[in-house]
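**Student:** As input, take model_36.txt (compact mmCIF, C-alpha atoms):
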```
# COMPACT_ATOMS: atom_id res chain seq x y z
CA MET A 1 -3.15 -9.95 -23.03
CA ILE A 2 -6.56 -8.39 -23.39
CA PHE A 3 -5.59 -6.70 -26.66
CA SER A 4 -4.57 -10.06 -28.13
CA VAL A 5 -8.11 -11.26 -27.44
CA GLN A 6 -9.51 -8.08 -28.98
CA ARG A 7 -7.40 -8.45 -32.14
CA PHE A 8 -8.37 -12.11 -32.47
CA ILE A 9 -12.08 -11.27 -32.37
CA GLU A 10 -11.68 -8.30 -34.72
CA ASP A 11 -9.80 -10.47 -37.23
CA TYR A 12 -12.51 -13.12 -36.96
CA PHE A 13 -15.20 -10.55 -37.71
CA GLU A 14 -13.19 -9.22 -40.64
CA ARG A 15 -12.71 -12.68 -42.16
CA ARG A 16 -16.47 -13.22 -41.98
CA HIS A 17 -17.16 -9.70 -43.35
CA LEU A 18 -19.21 -8.79 -40.29
CA SER A 19 -20.02 -5.16 -39.53
CA ASP A 20 -18.96 -3.99 -36.05
CA ILE A 21 -19.85 -0.31 -35.79
CA ASP A 22 -20.14 -0.13 -32.00
CA GLN A 23 -16.95 -1.99 -31.02
CA TYR A 24 -18.68 -5.22 -30.01
CA ALA A 25 -15.31 -7.00 -30.34
CA VAL A 26 -13.81 -4.75 -27.66
CA LYS A 27 -16.73 -5.37 -25.31
CA LEU A 28 -16.40 -9.12 -25.80
CA ALA A 29 -12.68 -8.95 -25.05
CA ASN A 30 -13.40 -6.98 -21.86
CA ALA A 31 -15.86 -9.68 -20.80
CA PHE A 32 -13.67 -12.67 -21.68
CA ALA A 33 -10.08 -11.73 -20.83
CA PRO A 34 -10.21 -10.98 -17.08
CA ASP A 35 -10.90 -14.66 -16.27
CA ILE A 36 -10.95 -17.06 -19.18
CA HIS A 37 -11.68 -20.00 -16.88
CA THR A 38 -15.12 -18.72 -15.92
CA ALA A 39 -17.73 -21.42 -16.58
CA ASP A 40 -19.25 -21.35 -20.07
CA THR A 41 -22.75 -20.62 -18.80
CA LYS A 42 -21.54 -17.63 -16.78
CA MET A 43 -19.39 -16.35 -19.64
CA LEU A 44 -22.25 -16.63 -22.13
CA THR A 45 -24.50 -14.77 -19.71
CA ALA A 46 -21.91 -11.96 -19.62
CA PHE A 47 -21.81 -11.94 -23.42
CA SER A 48 -25.60 -11.78 -23.66
CA ARG A 49 -25.72 -8.70 -21.42
CA ILE A 50 -23.53 -6.66 -23.74
CA ARG A 51 -25.49 -3.89 -25.39
CA THR A 52 -24.74 -3.83 -29.10
CA VAL A 53 -26.26 -3.27 -32.55
CA PHE A 54 -23.98 -5.95 -33.95
CA PHE A 55 -26.77 -8.46 -34.52
CA ARG A 56 -29.09 -5.84 -35.95
CA ASN A 57 -26.42 -4.99 -38.52
CA ASN A 58 -25.69 -8.65 -39.20
CA PRO A 59 -29.22 -10.06 -39.33
CA ASN A 60 -28.17 -13.49 -40.62
CA LEU A 61 -26.66 -14.28 -37.22
CA LYS A 62 -28.51 -15.78 -34.29
CA ARG A 63 -27.00 -14.28 -31.18
CA LYS A 64 -27.01 -17.30 -28.86
CA VAL A 65 -25.57 -19.59 -31.52
CA PHE A 66 -22.97 -17.06 -32.63
CA GLU A 67 -21.75 -16.26 -29.11
CA SER A 68 -21.57 -19.94 -28.23
CA GLN A 69 -19.46 -20.67 -31.32
CA LEU A 70 -17.24 -17.67 -30.66
CA LEU A 71 -16.65 -18.76 -27.06
CA LYS A 72 -15.49 -22.18 -28.31
CA LEU A 73 -13.04 -20.44 -30.64
CA LEU A 74 -11.73 -18.27 -27.82
CA ARG A 75 -11.33 -21.30 -25.55
CA SER A 76 -9.34 -23.04 -28.28
CA ARG A 77 -7.12 -20.05 -29.03
CA PHE A 78 -6.51 -18.91 -25.46
CA LYS A 79 -6.08 -22.16 -23.55
CA LYS A 80 -3.92 -20.66 -20.83
CA LYS A 81 -5.04 -17.91 -18.51
CA VAL A 82 -4.60 -14.50 -20.05
CA GLN A 83 -2.28 -12.45 -17.87
CA LEU A 84 -3.64 -8.94 -17.68
CA PRO A 85 -1.01 -6.22 -17.45
CA GLN A 86 -0.50 -4.71 -14.02
CA PHE A 87 0.06 -1.06 -13.22
CA PRO A 88 3.42 -0.57 -11.45
CA GLY A 89 2.79 -0.63 -7.71
CA GLY A 90 -0.94 -1.21 -8.17
CA ILE A 91 -3.80 1.29 -8.18
CA ALA A 92 -5.42 0.74 -4.78
CA VAL A 93 -4.70 4.27 -3.51
CA GLU A 94 -6.13 6.02 -6.58
CA LYS A 95 -9.09 3.65 -6.76
CA ARG A 96 -10.10 4.48 -3.18
CA THR A 97 -9.77 8.20 -3.91
CA ILE A 98 -11.83 8.01 -7.11
CA PHE A 99 -14.66 6.02 -5.54
CA ARG A 100 -14.93 8.31 -2.53
CA ARG A 101 -16.74 10.66 -4.88
CA SER A 102 -20.48 10.39 -5.29
CA ARG A 103 -20.02 9.95 -9.03
CA VAL A 104 -17.05 8.61 -10.99
CA THR A 105 -16.13 11.00 -13.81
CA ILE A 106 -13.63 10.89 -16.64
CA GLY A 107 -11.87 13.81 -14.96
CA SER A 108 -11.40 11.86 -11.71
CA ILE A 109 -10.05 8.85 -13.62
CA ILE A 110 -7.50 10.96 -15.50
CA SER A 111 -6.52 12.79 -12.32
CA GLY A 112 -6.00 9.46 -10.56
CA PHE A 113 -3.90 8.24 -13.47
CA ARG A 114 -1.70 11.33 -13.31
CA HIS A 115 -1.10 10.75 -9.60
CA ALA A 116 -0.30 7.07 -10.14
CA VAL A 117 2.17 7.74 -12.98
CA GLU A 118 3.98 10.54 -11.15
CA ALA A 119 4.15 8.42 -7.98
CA ARG A 120 5.12 5.01 -9.37
CA ALA A 121 5.48 4.74 -13.15
CA ILE A 122 7.87 7.43 -14.41
CA ASP A 123 10.67 4.97 -15.10
CA VAL A 124 8.66 2.95 -17.64
CA PHE A 125 8.92 5.90 -20.06
CA TRP A 126 12.72 5.93 -20.02
CA ASN A 127 15.62 3.73 -20.97
CA SER A 128 17.83 6.20 -19.14
CA ARG A 129 16.44 9.44 -17.74
CA LYS A 130 19.94 10.51 -16.71
CA LYS A 131 21.08 10.25 -20.35
CA ASN A 132 17.77 11.63 -21.63
CA HIS A 133 17.00 8.42 -23.55
CA LEU A 134 13.28 7.72 -23.77
CA ALA A 135 11.89 4.21 -24.08
CA GLN A 136 10.86 3.03 -27.52
CA ARG A 137 7.47 4.43 -28.59
CA PRO A 138 6.77 6.19 -25.28
CA GLU A 139 3.29 7.35 -26.38
CA LYS A 140 2.27 3.72 -26.84
CA VAL A 141 3.68 2.99 -23.39
CA GLY A 142 1.46 5.74 -22.01
CA GLN A 143 -1.61 4.46 -23.83
CA ALA A 144 -1.10 0.94 -22.50
CA LEU A 145 -0.58 2.26 -18.97
CA PHE A 146 -3.75 4.33 -19.10
CA ALA A 147 -5.83 1.48 -20.54
CA THR A 148 -4.55 -0.80 -17.77
CA PHE A 149 -5.27 1.81 -15.11
CA ALA A 150 -8.76 2.68 -16.37
CA ARG A 151 -9.76 -0.95 -16.77
CA GLY A 152 -8.52 -1.76 -13.26
CA VAL A 153 -10.41 1.17 -11.76
CA LEU A 154 -13.67 0.72 -13.64
CA GLN A 155 -13.82 -3.08 -13.87
CA ASN A 156 -17.39 -3.68 -15.08
CA ARG A 157 -18.56 -0.08 -14.53
CA GLY A 158 -17.46 1.10 -17.98
CA VAL A 159 -15.84 0.06 -21.24
CA VAL A 160 -12.31 1.01 -22.25
CA PHE A 161 -11.30 1.13 -25.91
CA ARG A 162 -7.74 1.49 -27.13
CA GLU A 163 -7.12 2.83 -30.65
CA MET A 164 -10.81 3.06 -31.42
CA ALA A 165 -11.60 3.60 -35.09
CA SER A 166 -13.11 7.03 -35.77
CA GLY A 167 -13.57 8.16 -39.35
CA ILE A 168 -10.27 7.47 -41.08
CA GLY A 169 -8.25 7.68 -37.87
CA PHE A 170 -7.98 6.06 -34.47
CA VAL A 171 -8.67 7.67 -31.11
CA ASP A 172 -5.92 6.69 -28.65
CA ILE A 173 -8.33 5.90 -25.80
CA ALA A 174 -12.11 6.05 -25.55
CA ILE A 175 -14.05 5.31 -22.38
CA ILE A 176 -17.78 4.75 -22.09
CA LEU A 177 -19.31 5.77 -18.76
CA GLY A 178 -23.05 5.30 -18.69
CA SER A 179 -24.18 6.27 -22.17
CA ALA A 180 -21.46 8.87 -22.84
CA ILE A 181 -18.24 8.23 -24.71
CA HIS A 182 -15.14 10.22 -23.75
CA LEU A 183 -12.33 10.76 -26.27
CA ILE A 184 -8.73 10.92 -25.05
CA GLU A 185 -5.60 11.65 -27.06
CA MET A 186 -2.24 10.94 -25.44
CA LYS A 187 0.95 12.70 -26.55
CA LEU A 188 4.53 12.90 -25.42
CA ILE A 189 5.83 16.46 -25.32
CA ARG A 190 9.47 17.37 -25.75
CA LYS A 191 8.98 20.84 -27.26
CA GLN A 192 5.39 21.81 -28.09
CA VAL A 193 1.83 20.62 -27.64
CA LEU A 194 0.56 18.28 -30.35
CA GLY A 195 -2.77 16.58 -30.99
CA VAL A 196 -5.23 19.48 -30.72
CA SER A 197 -6.41 19.48 -34.36
CA GLN A 198 -6.38 15.67 -34.41
CA LEU A 199 -8.63 15.47 -31.36
CA ASN A 200 -10.92 18.18 -32.75
CA THR A 201 -11.45 15.97 -35.83
CA TYR A 202 -12.41 13.00 -33.67
CA MET A 203 -14.77 15.20 -31.67
CA ARG A 204 -16.50 16.17 -34.91
CA THR A 205 -16.69 12.57 -36.11
CA GLU A 206 -18.09 11.31 -32.80
CA ASN A 207 -20.30 14.37 -32.23
CA ARG A 208 -18.66 15.30 -28.93
CA LYS A 209 -18.31 18.83 -27.60
CA ARG A 210 -15.48 17.97 -25.21
CA GLY A 211 -12.27 16.03 -25.59
CA TRP A 212 -9.30 15.26 -23.36
CA LEU A 213 -5.66 15.76 -24.26
CA VAL A 214 -3.29 14.02 -21.85
CA PHE A 215 0.38 14.78 -22.41
CA PHE A 216 3.43 13.17 -20.90
CA ASP A 217 5.83 16.03 -20.25
CA ALA A 218 9.40 14.96 -20.95
CA ARG A 219 10.76 18.50 -21.05
CA PRO A 220 13.39 19.56 -18.51
CA ALA A 221 11.79 21.70 -15.81
CA ALA A 222 13.84 24.74 -16.82
CA LYS A 223 12.55 24.63 -20.42
CA ARG A 224 8.85 24.29 -19.77
CA GLN A 225 6.28 26.82 -20.83
CA GLN A 226 2.84 26.81 -19.29
CA ILE A 227 0.13 25.06 -21.28
CA PRO A 228 -3.51 26.16 -20.87
CA ALA A 229 -5.80 23.75 -19.04
CA LEU A 230 -8.61 24.35 -21.55
CA ILE A 231 -8.31 24.93 -25.30
CA ALA A 232 -11.21 26.18 -27.42
CA VAL A 233 -11.58 24.42 -30.78
CA PRO A 234 -14.28 24.63 -33.48
CA GLU A 235 -16.08 21.55 -32.13
CA GLY A 236 -16.07 22.63 -28.49
CA LYS A 237 -13.39 22.51 -25.80
CA ILE A 238 -10.40 20.33 -25.05
CA ALA A 239 -9.35 19.77 -21.44
CA VAL A 240 -5.57 19.46 -21.14
CA VAL A 241 -3.88 17.40 -18.43
CA GLY A 242 -0.11 17.28 -18.09
CA ILE A 243 1.79 14.44 -16.46
CA ASP A 244 5.34 15.14 -15.38
CA ILE A 245 7.59 12.24 -16.42
CA ASN A 246 10.81 14.24 -16.11
CA PRO A 247 10.78 15.75 -12.60
CA THR A 248 13.81 17.33 -10.98
CA PRO A 249 15.43 14.75 -8.65
CA PRO A 250 15.17 15.66 -4.94
CA SER A 251 18.97 15.74 -4.71
CA ARG A 252 19.04 18.62 -7.20
CA GLN A 253 16.28 20.65 -5.64
CA HIS A 254 17.17 23.71 -3.61
CA SER A 255 17.11 23.09 0.12
CA PHE A 256 16.12 25.61 2.74
```
Would you mind writing the file out in structure tokens?

**Tutor:**
Amino acid sequence: MIFSVQRFIEDYFERRHLSDIDQYAVKLANAFAPDIHTADTKMLTAFSRIRTVFFRNNPNLKRKVFESQLLKLLRSRFKKKVQLPQFPGGIAVEKRTIFRRSRVTIGSIISGFRHAVEARAIDVFWNSRKKNHLAQRPEKVGQALFATFARGVLQNRGVVFREMASGIGFVDIAIILGSAIHLIEMKLIRKQVLGVSQLNTYMRTENRKRGWLVFFDARPAAKRQQIPALIAVPEGKIAVVGIDINPTPPSRQHSF
């Protein structure tokens, strides 16, 4: 799993007391995990192209030597091919839709994710929807799904972070497109909207005027109240996107 690679690198940095302020470990994991059997020369070339201040903040390290040693460690630890998680039913339809646009945006990625979940992935949130029993830690399920989806869509066009450190907290998902970082909080809703003040804090820490709140709506259709698509906060604005994971079955819908 890609996050196993990420944790391994982060732990290695921590043991060596190395400063990683721009998530170099995550970028390395994104380069290494998709195909661990890539030739060393090609993998090291991919490592060398990563933009980072890691070596500026750790001046005792020589980049080529350090990355070569790290690759040997990764080869030793992850001898078998890392199996990347797959989105249920794949993402080909949403990927085609997203890349029809002249420019890929964070909004188009989230919109594609909503479509994919509502079309093919509702059941992963539930042990039994009929009995109203959610899966264990459904928000984490949603985070993993979104990270898988975004990474599959973007491939090498952006960087996806999961649980990115920000101040004294952790942003659920952060995505870098170009030079901009986009902050995304993901919440499961059974009664009321959560996460607005939390996301506002991350926006302040990361100096962002816009954040994204994605909520998985587990409320019965009859008990839902409308949630605004845009919420003003002290740091700027939060765009809100709801994903229906508890739709009314077709057999219970009124027929005409």

**Student:** Can you work out the spacing between CA of Leu183 in chain A and CA of Gly211 in chain A in Å, to one decimal?

**Tutor:**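 Separating CA of Leu183 in chain A from CA of Gly211 in chain A is a distance of 5.3 Å.
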
**Student:** Just the residues within 10 Å of Arg190 in chain A, please, counting only C-alpha atoms, with nothing from its chain fewer than 3 positions along; format it as a list in words.

**Tutor:**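 Here the qualifying residues turn out to be Lys187, Val193, Phe216, Asp217, Ala218, Arg219, Pro220, Lys223 and Arg224 of chain A.
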
**Student:** Which residues, protein or nucleic acid, reach to within 7 Å of (-16.6, 19.6, -29.0) in the file's coordinates when using all atoms listed in the file, and can you give that as a count of residues only?

**Tutor:** 10

**Student:** For Glu118 in chain A, which residue among A:Ser68, A:Pro88, A:Thr97, A:Gly178 is the nearest when counting all atoms listed in the file?

**Tutor:**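 Of A:Ser68, A:Pro88, A:Thr97, A:Gly178, the one nearest Glu118 in chain A, counting all atoms listed in the file, is A:Pro88.
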
**Student:** Identify which of the residues A:Val160, A:Ala221, A:Leu18, A:Ala232 lies closest to Val53 in chain A, counting all atoms listed in the file when measuring atom-to-atom distances.

**Tutor:**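 Looking at the shortest contact to Val53 in chain A, the residue is A:Leu18.
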
**Student:** Which residues come within 12 Å of Val104 in chain A, counting all atoms listed in the file, excluding same-chain residues fewer than 3 positions away, as a list in words?

**Tutor:** Lys95, Arg96, Thr97, Ile98, Phe99, Arg100, Arg101, Gly107, Ser108, Ile109, Ile110, Ser111, Gly112, Ala150, Val153, Leu154, Arg157, Gly158, Ile176, Leu177 and Gly178 of chain A

**Student:** Could you work out how far CA of Ser197 in chain A lies from CA of Val240 in chain A, giving the answer in Å with one decimal?

**Tutor:**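 Rounded to one decimal, the two atoms are 13.2 Å apart.
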
**Student:** Taking into account all atoms listed in the file, which residue in the set A:Val233, A:Ala135, A:Ile175, A:Ala180 is nearest to Gln198 in chain A?

**Tutor:**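 Closest to Gln198 in chain A of all the choices is A:Val233.
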
**Student:** So, counting all atoms listed in the file, which residue among A:Leu199, A:Ser128, A:Phe87, A:Arg16 is closest to Leu61 in chain A?

**Tutor:**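 Looking at the shortest contact to Leu61 in chain A, the residue is A:Arg16.
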
**Student:** Counting only C-alpha atoms, which residues come within 12 Å of (-4.7, 2.5, -16.1), with the point read in the file's coordinates, and could you list them as a ChimeraX atom specification?

**Tutor:** /A:84-92,94-95,109-117,121,141-155,160-162,173,175

**Student:** Tell me which of A:Leu213, A:Ala25, A:Asn58, A:Leu71 sits closest to Thr45 in chain A, counting all atoms listed in the file.

**Tutor:** A:Leu71

**Student:** Could you please determine the separation between CA of Met43 in chain A and CA of Val5 in chain A in Å, to one decimal place?

**Tutor:**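 Spanning CA of Met43 in chain A to CA of Val5 in chain A is a straight-line distance of 14.6 Å.
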
**Student:** I'd like to know which of A:Ile21, A:Ala174, A:Ala119, A:Ile9 is closest to Asn57 in chain A, using all atoms listed in the file.

**Tutor:**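 Once distances to Asn57 in chain A are computed over all atoms listed in the file, the minimum belongs to A:Ile21.
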